[in-house]
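Student: Have a look at this one before I ask anything.
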Amino acid sequence: MNRQIKLVQRPTGNISDDCFERVEVPIPEPGDGEALVRTLYLSLDPAMRGWMNEGDSYIAPVELGDVMRGGTLGTVVASNCAELGEGDIVFGGNGWQDYAVARPKHLQKVPADSGLPLSNYLSVLGITGLTAYFGMLDVGKPQPGETVVVSTAAGAVGSVAGQIAAIQGSRVVGLAGSDDKCTWCTEELGFDACINYKTEDWKDQLRAACPDKVDVYFDNVGGDMLNTVLGMNKVGARFVICGAISQYNATERTPGPSNYIRLLTKRSTMQGFVVLDYAQRYPEGIRQLAAWVMAGKIKHREDIVDGLDNAPQAIHKLFDGSNAGKLMVRVSDA
Ligand SMILES: NC(=O)c1ccc[n+]([C@@H]2O[C@H](COP(=O)([O-])OP(=O)(O)OC[C@H]3O[C@@H](n4cnc5c(N)ncnc54)[C@H](OP(=O)(O)O)[C@@H]3O)[C@@H](O)[C@H]2O)c1
């Protein structure tokens, strides 16, 4: 049988248990030109909270009654297409379920013999690593000697984004939600400083850590944190709008950043981006990220929860900050 977790109710505020329903259906048969893929790992992402909402976004909402959408790594267990064979490992969007049929154009083969753990293709070499890569290099464009601030600094995107800025020769200051996370950023990842934003005087600490003000802010949080860094920008600063996790569960609209006028006075830019727009360049990003990982220039961690049935609970870790690195679910063994 094929276990599926479906979206059956849209959340108001935090995701609640009754948003999901678990069902079992027969394993589907692949048709002509299709492959049957068994899920190995399921990625859990903050963006999923947005996909559960109705309304206009960068991607259509998940319909009520549909299997919850999600990025997956899987193994081909039956194939009726020339492009894929049994045992191939593929990245796809097969959702919160054990099995899915898909066409090869919706799957990307993953090298099973790269020397890196398979799960890396859902983390540092997957969507979060690629988000850090394109967001930092294409939008942030950090230069040697510049000051780069990164929020969710110990998270999947933030930790990689900060290290990429450091590789470019920038001075990197992180913002994270605990002393342990900050210590990991400075001791292990080579950030120049990291501020625990849950301390009372974090704004003063941030200003002290950025004596030359800020050239690039890689924003994963939005809200007050974005507004604070907007008050610290240098002429020509770039604000990379990658995410706004502080807002995803909000039930009321947050007021706009009162410091926005500093975009004018400091001739700064603020640009949003969606990693999906870089799909044609993923191979370039994966090659470079893999080289950095193998050379020890990028370190990362993965928070792997066992069992598909635990996905509805595990997703809360992203919002309470208890995930240590890229959050994913091990659905089955390779
Ligand atoms: N633009 C794109 O294409 C794209 C693609 C992927 C991801 N993203 C965005 O990237 C960001 C990070 O995603 P991720 O997958 O790497 O997750 P992650 O950082 O591994 O996990 C989420 C982290 O967010 C922090 N957080 C939660 N609520 C917060 C709040 N109210 N204020 C401040 N921090 C809060 C927590 O860390 P602390 O302990 O530090 O609070 C938590 O560990 C998200 O905003 C996501 O939407 C954007």
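Note on naming: chains are A, B, ... as they come in the structure tokens, residues start from 1 per chain, ligands start from 1 in the order shown.
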Step by step, measure atom-to-atom distances between ligand 1 and each residue using only C-alpha atoms and all ligand atoms, keep those at most 7 Å, then write them as a ChimeraX atom specification.
Tutor: /A:45-47,127-128,131,152-158,175-178,220-221,242-247,273-276,317-327
Student: Take the residues from that selection and put them in a file with N, CA and C atoms, as a compact mmCIF listing (two decimals), in the first residue's frame.
Tutor:
```
# COMPACT_ATOMS: atom_id res chain seq x y z
N ASP A 45 9.94 22.13 4.46
CA ASP A 45 10.37 23.50 4.18
C ASP A 45 9.39 24.53 4.71
N PRO A 46 9.90 25.68 5.18
CA PRO A 46 9.00 26.75 5.63
C PRO A 46 7.97 27.13 4.56
N ALA A 47 8.37 27.06 3.29
CA ALA A 47 7.46 27.46 2.21
C ALA A 47 6.17 26.65 2.22
N ILE A 127 17.49 22.06 -2.83
CA ILE A 127 16.87 23.38 -3.01
C ILE A 127 17.41 24.41 -2.03
N THR A 128 17.67 24.01 -0.76
CA THR A 128 18.12 25.03 0.20
C THR A 128 19.54 25.51 -0.11
N THR A 131 19.31 27.72 -3.09
CA THR A 131 18.73 29.03 -2.74
C THR A 131 19.82 29.95 -2.19
N THR A 152 18.36 33.63 10.07
CA THR A 152 18.29 32.15 10.20
C THR A 152 19.67 31.58 9.88
N ALA A 153 20.69 32.17 10.54
CA ALA A 153 22.08 31.89 10.17
C ALA A 153 22.49 30.44 10.36
N ALA A 154 21.83 29.73 11.29
CA ALA A 154 22.22 28.34 11.53
C ALA A 154 21.29 27.38 10.79
N GLY A 155 20.39 27.92 9.99
CA GLY A 155 19.44 27.08 9.26
C GLY A 155 20.02 26.58 7.95
N ALA A 156 19.18 25.85 7.21
CA ALA A 156 19.66 25.20 5.99
C ALA A 156 20.12 26.22 4.94
N VAL A 157 19.30 27.22 4.68
CA VAL A 157 19.68 28.24 3.69
C VAL A 157 20.72 29.19 4.28
N GLY A 158 20.43 29.71 5.49
CA GLY A 158 21.27 30.75 6.07
C GLY A 158 22.70 30.30 6.29
N LEU A 175 22.48 36.08 12.40
CA LEU A 175 21.44 36.26 13.42
C LEU A 175 20.76 34.92 13.58
N ALA A 176 20.76 34.38 14.81
CA ALA A 176 20.16 33.06 15.03
C ALA A 176 19.48 33.06 16.40
N GLY A 177 18.67 32.01 16.64
CA GLY A 177 17.77 32.01 17.79
C GLY A 177 18.29 31.37 19.06
N SER A 178 19.57 31.01 19.13
CA SER A 178 20.09 30.49 20.40
C SER A 178 21.61 30.68 20.45
N ASN A 220 15.87 36.14 5.67
CA ASN A 220 15.01 34.95 5.71
C ASN A 220 13.86 35.12 6.68
N VAL A 221 13.79 36.29 7.34
CA VAL A 221 12.89 36.44 8.50
C VAL A 221 11.84 37.54 8.32
N CYS A 242 14.76 36.67 0.64
CA CYS A 242 14.71 35.22 0.40
C CYS A 242 13.48 34.62 1.08
N GLY A 243 13.17 35.08 2.28
CA GLY A 243 12.04 34.52 3.01
C GLY A 243 11.63 35.46 4.13
N ALA A 244 10.53 35.13 4.79
CA ALA A 244 10.01 35.98 5.87
C ALA A 244 9.35 35.09 6.91
N ILE A 245 10.13 34.16 7.47
CA ILE A 245 9.52 33.12 8.30
C ILE A 245 8.79 33.69 9.53
N SER A 246 9.18 34.88 9.98
CA SER A 246 8.48 35.46 11.15
C SER A 246 7.03 35.79 10.79
N GLN A 247 6.70 35.82 9.51
CA GLN A 247 5.36 36.23 9.08
C GLN A 247 4.46 35.07 8.64
N PHE A 273 13.58 36.99 -4.68
CA PHE A 273 13.90 35.99 -5.72
C PHE A 273 13.29 34.65 -5.31
N VAL A 274 13.05 33.81 -6.30
CA VAL A 274 12.55 32.45 -6.06
C VAL A 274 13.53 31.50 -6.75
N VAL A 275 14.03 30.54 -6.00
CA VAL A 275 15.08 29.67 -6.52
C VAL A 275 14.62 28.92 -7.77
N LEU A 276 13.31 28.63 -7.86
CA LEU A 276 12.80 27.87 -9.01
C LEU A 276 13.14 28.56 -10.33
N LYS A 317 9.10 22.00 13.81
CA LYS A 317 10.48 22.33 14.21
C LYS A 317 11.00 23.57 13.48
N LEU A 318 10.52 23.78 12.26
CA LEU A 318 10.98 24.93 11.48
C LEU A 318 10.50 26.24 12.10
N PHE A 319 9.36 26.18 12.76
CA PHE A 319 8.76 27.41 13.29
C PHE A 319 9.08 27.64 14.76
N ASP A 320 9.45 26.55 15.48
CA ASP A 320 9.87 26.78 16.88
C ASP A 320 11.40 26.78 17.00
N GLY A 321 12.08 26.63 15.87
CA GLY A 321 13.54 26.75 15.86
C GLY A 321 14.27 25.53 16.40
N SER A 322 13.59 24.42 16.60
CA SER A 322 14.27 23.26 17.18
C SER A 322 14.97 22.39 16.14
N ASN A 323 14.85 22.75 14.86
CA ASN A 323 15.61 21.98 13.85
C ASN A 323 17.08 22.40 13.89
N ALA A 324 17.94 21.39 13.78
CA ALA A 324 19.39 21.67 13.72
C ALA A 324 19.84 21.34 12.30
N GLY A 325 19.71 22.31 11.42
CA GLY A 325 20.09 22.10 10.02
C GLY A 325 18.90 21.73 9.16
N LYS A 326 19.21 21.27 7.96
CA LYS A 326 18.15 21.00 6.97
C LYS A 326 17.20 19.92 7.47
N LEU A 327 15.94 20.27 7.58
CA LEU A 327 14.94 19.33 8.10
C LEU A 327 14.40 18.45 6.99
```
Student: Leaving out segment 187-204 of chain A and any residue of its chain fewer than 3 positions from it, which residues lie within 9 Å of it when counting only C-alpha atoms, given as a PyMOL selection string?
Tutor: chain A and resi 153+159-160+162-163+166+171-179+181-184+207-209+225+228-229+297-300
Student: Would you save the residues of that selection, restricted to N, CA, C and O atoms, as an mmCIF file, in the first residue's frame?
Tutor:
```
data_model
loop_
_atom_site.group_PDB
_atom_site.id
_atom_site.type_symbol
_atom_site.label_atom_id
_atom_site.label_comp_id
_atom_site.auth_asym_id
_atom_site.auth_seq_id
_atom_site.Cartn_x
_atom_site.Cartn_y
_atom_site.Cartn_z
ATOM 1 N N ALA A 153 20.686 32.172 10.537
ATOM 2 C CA ALA A 153 22.083 31.894 10.172
ATOM 3 C C ALA A 153 22.488 30.442 10.364
ATOM 4 O O ALA A 153 23.405 29.963 9.694
ATOM 5 N N SER A 159 22.890 29.077 6.770
ATOM 6 C CA SER A 159 24.258 28.624 7.078
ATOM 7 C C SER A 159 25.098 28.538 5.802
ATOM 8 O O SER A 159 26.280 28.894 5.797
ATOM 9 N N VAL A 160 24.478 28.112 4.727
ATOM 10 C CA VAL A 160 25.216 28.006 3.456
ATOM 11 C C VAL A 160 25.421 29.401 2.853
ATOM 12 O O VAL A 160 26.509 29.728 2.368
ATOM 13 N N GLY A 162 25.754 32.230 4.386
ATOM 14 C CA GLY A 162 26.819 32.929 5.107
ATOM 15 C C GLY A 162 28.199 32.436 4.702
ATOM 16 O O GLY A 162 29.134 33.225 4.503
ATOM 17 N N GLN A 163 28.328 31.131 4.550
ATOM 18 C CA GLN A 163 29.646 30.586 4.172
ATOM 19 C C GLN A 163 30.026 30.993 2.744
ATOM 20 O O GLN A 163 31.199 31.210 2.445
ATOM 21 N N ALA A 166 31.379 34.360 2.961
ATOM 22 C CA ALA A 166 32.749 34.322 3.520
ATOM 23 C C ALA A 166 33.742 33.882 2.450
ATOM 24 O O ALA A 166 34.864 34.423 2.368
ATOM 25 N N ARG A 171 32.857 39.983 5.248
ATOM 26 C CA ARG A 171 32.752 39.809 6.691
ATOM 27 C C ARG A 171 31.315 39.405 6.980
ATOM 28 O O ARG A 171 30.386 40.097 6.549
ATOM 29 N N VAL A 172 31.127 38.280 7.680
ATOM 30 C CA VAL A 172 29.769 37.724 7.794
ATOM 31 C C VAL A 172 29.278 37.763 9.242
ATOM 32 O O VAL A 172 29.959 37.281 10.149
ATOM 33 N N VAL A 173 28.111 38.343 9.411
ATOM 34 C CA VAL A 173 27.486 38.422 10.730
ATOM 35 C C VAL A 173 26.137 37.697 10.651
ATOM 36 O O VAL A 173 25.307 38.016 9.794
ATOM 37 N N GLY A 174 25.959 36.723 11.526
ATOM 38 C CA GLY A 174 24.716 35.949 11.528
ATOM 39 C C GLY A 174 23.745 36.413 12.593
ATOM 40 O O GLY A 174 24.133 37.073 13.564
ATOM 41 N N LEU A 175 22.484 36.075 12.404
ATOM 42 C CA LEU A 175 21.441 36.264 13.418
ATOM 43 C C LEU A 175 20.762 34.918 13.583
ATOM 44 O O LEU A 175 20.286 34.330 12.594
ATOM 45 N N ALA A 176 20.761 34.380 14.808
ATOM 46 C CA ALA A 176 20.158 33.064 15.033
ATOM 47 C C ALA A 176 19.480 33.064 16.399
ATOM 48 O O ALA A 176 19.710 33.948 17.227
ATOM 49 N N GLY A 177 18.668 32.015 16.641
ATOM 50 C CA GLY A 177 17.772 32.013 17.787
ATOM 51 C C GLY A 177 18.285 31.369 19.060
ATOM 52 O O GLY A 177 17.501 31.182 19.997
ATOM 53 N N SER A 178 19.566 31.010 19.127
ATOM 54 C CA SER A 178 20.094 30.487 20.397
ATOM 55 C C SER A 178 21.608 30.676 20.447
ATOM 56 O O SER A 178 22.254 30.821 19.393
ATOM 57 N N ASP A 179 22.154 30.622 21.664
ATOM 58 C CA ASP A 179 23.612 30.739 21.809
ATOM 59 C C ASP A 179 24.302 29.564 21.130
ATOM 60 O O ASP A 179 25.352 29.724 20.500
ATOM 61 N N LYS A 181 23.344 27.840 18.531
ATOM 62 C CA LYS A 181 23.363 28.042 17.080
ATOM 63 C C LYS A 181 24.432 29.070 16.700
ATOM 64 O O LYS A 181 25.151 28.907 15.717
ATOM 65 N N CYS A 182 24.525 30.132 17.514
ATOM 66 C CA CYS A 182 25.524 31.175 17.210
ATOM 67 C C CYS A 182 26.942 30.619 17.331
ATOM 68 O O CYS A 182 27.811 30.920 16.500
ATOM 69 N N THR A 183 27.166 29.796 18.357
ATOM 70 C CA THR A 183 28.501 29.214 18.537
ATOM 71 C C THR A 183 28.857 28.339 17.339
ATOM 72 O O THR A 183 29.992 28.370 16.837
ATOM 73 N N TRP A 184 27.890 27.573 16.851
ATOM 74 C CA TRP A 184 28.138 26.734 15.667
ATOM 75 C C TRP A 184 28.552 27.623 14.470
ATOM 76 O O TRP A 184 29.504 27.314 13.747
ATOM 77 N N ARG A 207 24.519 46.168 15.944
ATOM 78 C CA ARG A 207 25.164 47.416 15.517
ATOM 79 C C ARG A 207 26.650 47.381 15.861
ATOM 80 O O ARG A 207 27.499 47.791 15.076
ATOM 81 N N ALA A 208 26.978 46.818 17.042
ATOM 82 C CA ALA A 208 28.390 46.737 17.445
ATOM 83 C C ALA A 208 29.156 45.765 16.544
ATOM 84 O O ALA A 208 30.351 45.968 16.272
ATOM 85 N N ALA A 209 28.468 44.733 16.064
ATOM 86 C CA ALA A 209 29.148 43.737 15.217
ATOM 87 C C ALA A 209 29.311 44.223 13.774
ATOM 88 O O ALA A 209 30.016 43.591 12.988
ATOM 89 N N MET A 225 13.195 42.300 12.238
ATOM 90 C CA MET A 225 14.614 42.068 11.941
ATOM 91 C C MET A 225 15.008 42.788 10.644
ATOM 92 O O MET A 225 16.032 43.463 10.563
ATOM 93 N N THR A 228 15.179 46.471 11.302
ATOM 94 C CA THR A 228 16.383 46.856 12.054
ATOM 95 C C THR A 228 17.579 46.969 11.123
ATOM 96 O O THR A 228 18.348 47.940 11.175
ATOM 97 N N VAL A 229 17.744 45.988 10.237
ATOM 98 C CA VAL A 229 18.912 46.030 9.330
ATOM 99 C C VAL A 229 18.734 47.146 8.298
ATOM 100 O O VAL A 229 19.716 47.756 7.865
ATOM 101 N N LYS A 297 35.081 23.672 2.525
ATOM 102 C CA LYS A 297 34.821 25.116 2.618
ATOM 103 C C LYS A 297 33.381 25.406 3.012
ATOM 104 O O LYS A 297 33.071 26.506 3.473
ATOM 105 N N ILE A 298 32.509 24.441 2.786
ATOM 106 C CA ILE A 298 31.125 24.589 3.261
ATOM 107 C C ILE A 298 30.792 23.402 4.144
ATOM 108 O O ILE A 298 30.948 22.246 3.738
ATOM 109 N N LYS A 299 30.377 23.737 5.365
ATOM 110 C CA LYS A 299 29.919 22.699 6.292
ATOM 111 C C LYS A 299 28.411 22.856 6.459
ATOM 112 O O LYS A 299 27.884 23.954 6.297
ATOM 113 N N HIS A 300 27.778 21.775 6.803
ATOM 114 C CA HIS A 300 26.321 21.863 6.939
ATOM 115 C C HIS A 300 25.862 20.743 7.852
ATOM 116 O O HIS A 300 26.629 19.830 8.151
#
```
Student: Could you list, with a cut-off of 8 Å and counting only C-alpha atoms, the residues of segment 112-203 of chain A near segment 52-74 of chain A, each shown with its nearest atom pair and the distance in Å rounded to one decimal, rows sorted by chain and ascending number, as a Markdown table?
Tutor:
```
| residue | atom | partner | partner_atom | distance |
| --- | --- | --- | --- | --- |
| A:Ser119 | CA | A:Leu73 | CA | 7.8 |
| A:Tyr121 | CA | A:Leu73 | CA | 7.6 |
| A:Leu122 | CA | A:Leu73 | CA | 6.9 |
```
Student: For Arg262 of chain A, which residue among A:Asn233, A:Tyr248, A:His106, A:Pro283 is the nearest when counting only C-alpha atoms?
Tutor: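 For Arg262 of chain A, the nearest of the candidates is A:Asn233.
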Student: Excluding Arg103 of chain A and its own-chain neighbours fewer than 4 positions away, which residues fall within 9 Å of it when counting only C-alpha atoms? Please give them as a list in words.
Tutor: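 The residues satisfying every condition are Gly33, Glu34, Ala35, Cys81 and Leu107 of chain A.
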Student: With only C-alpha atoms as the atoms that count, which of A:Val124, A:Thr269, A:Thr39, A:Tyr260 lies nearest to Val101 of chain A?
Tutor: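 Residue with the minimum atom-to-atom distance to Val101 of chain A: A:Thr39.
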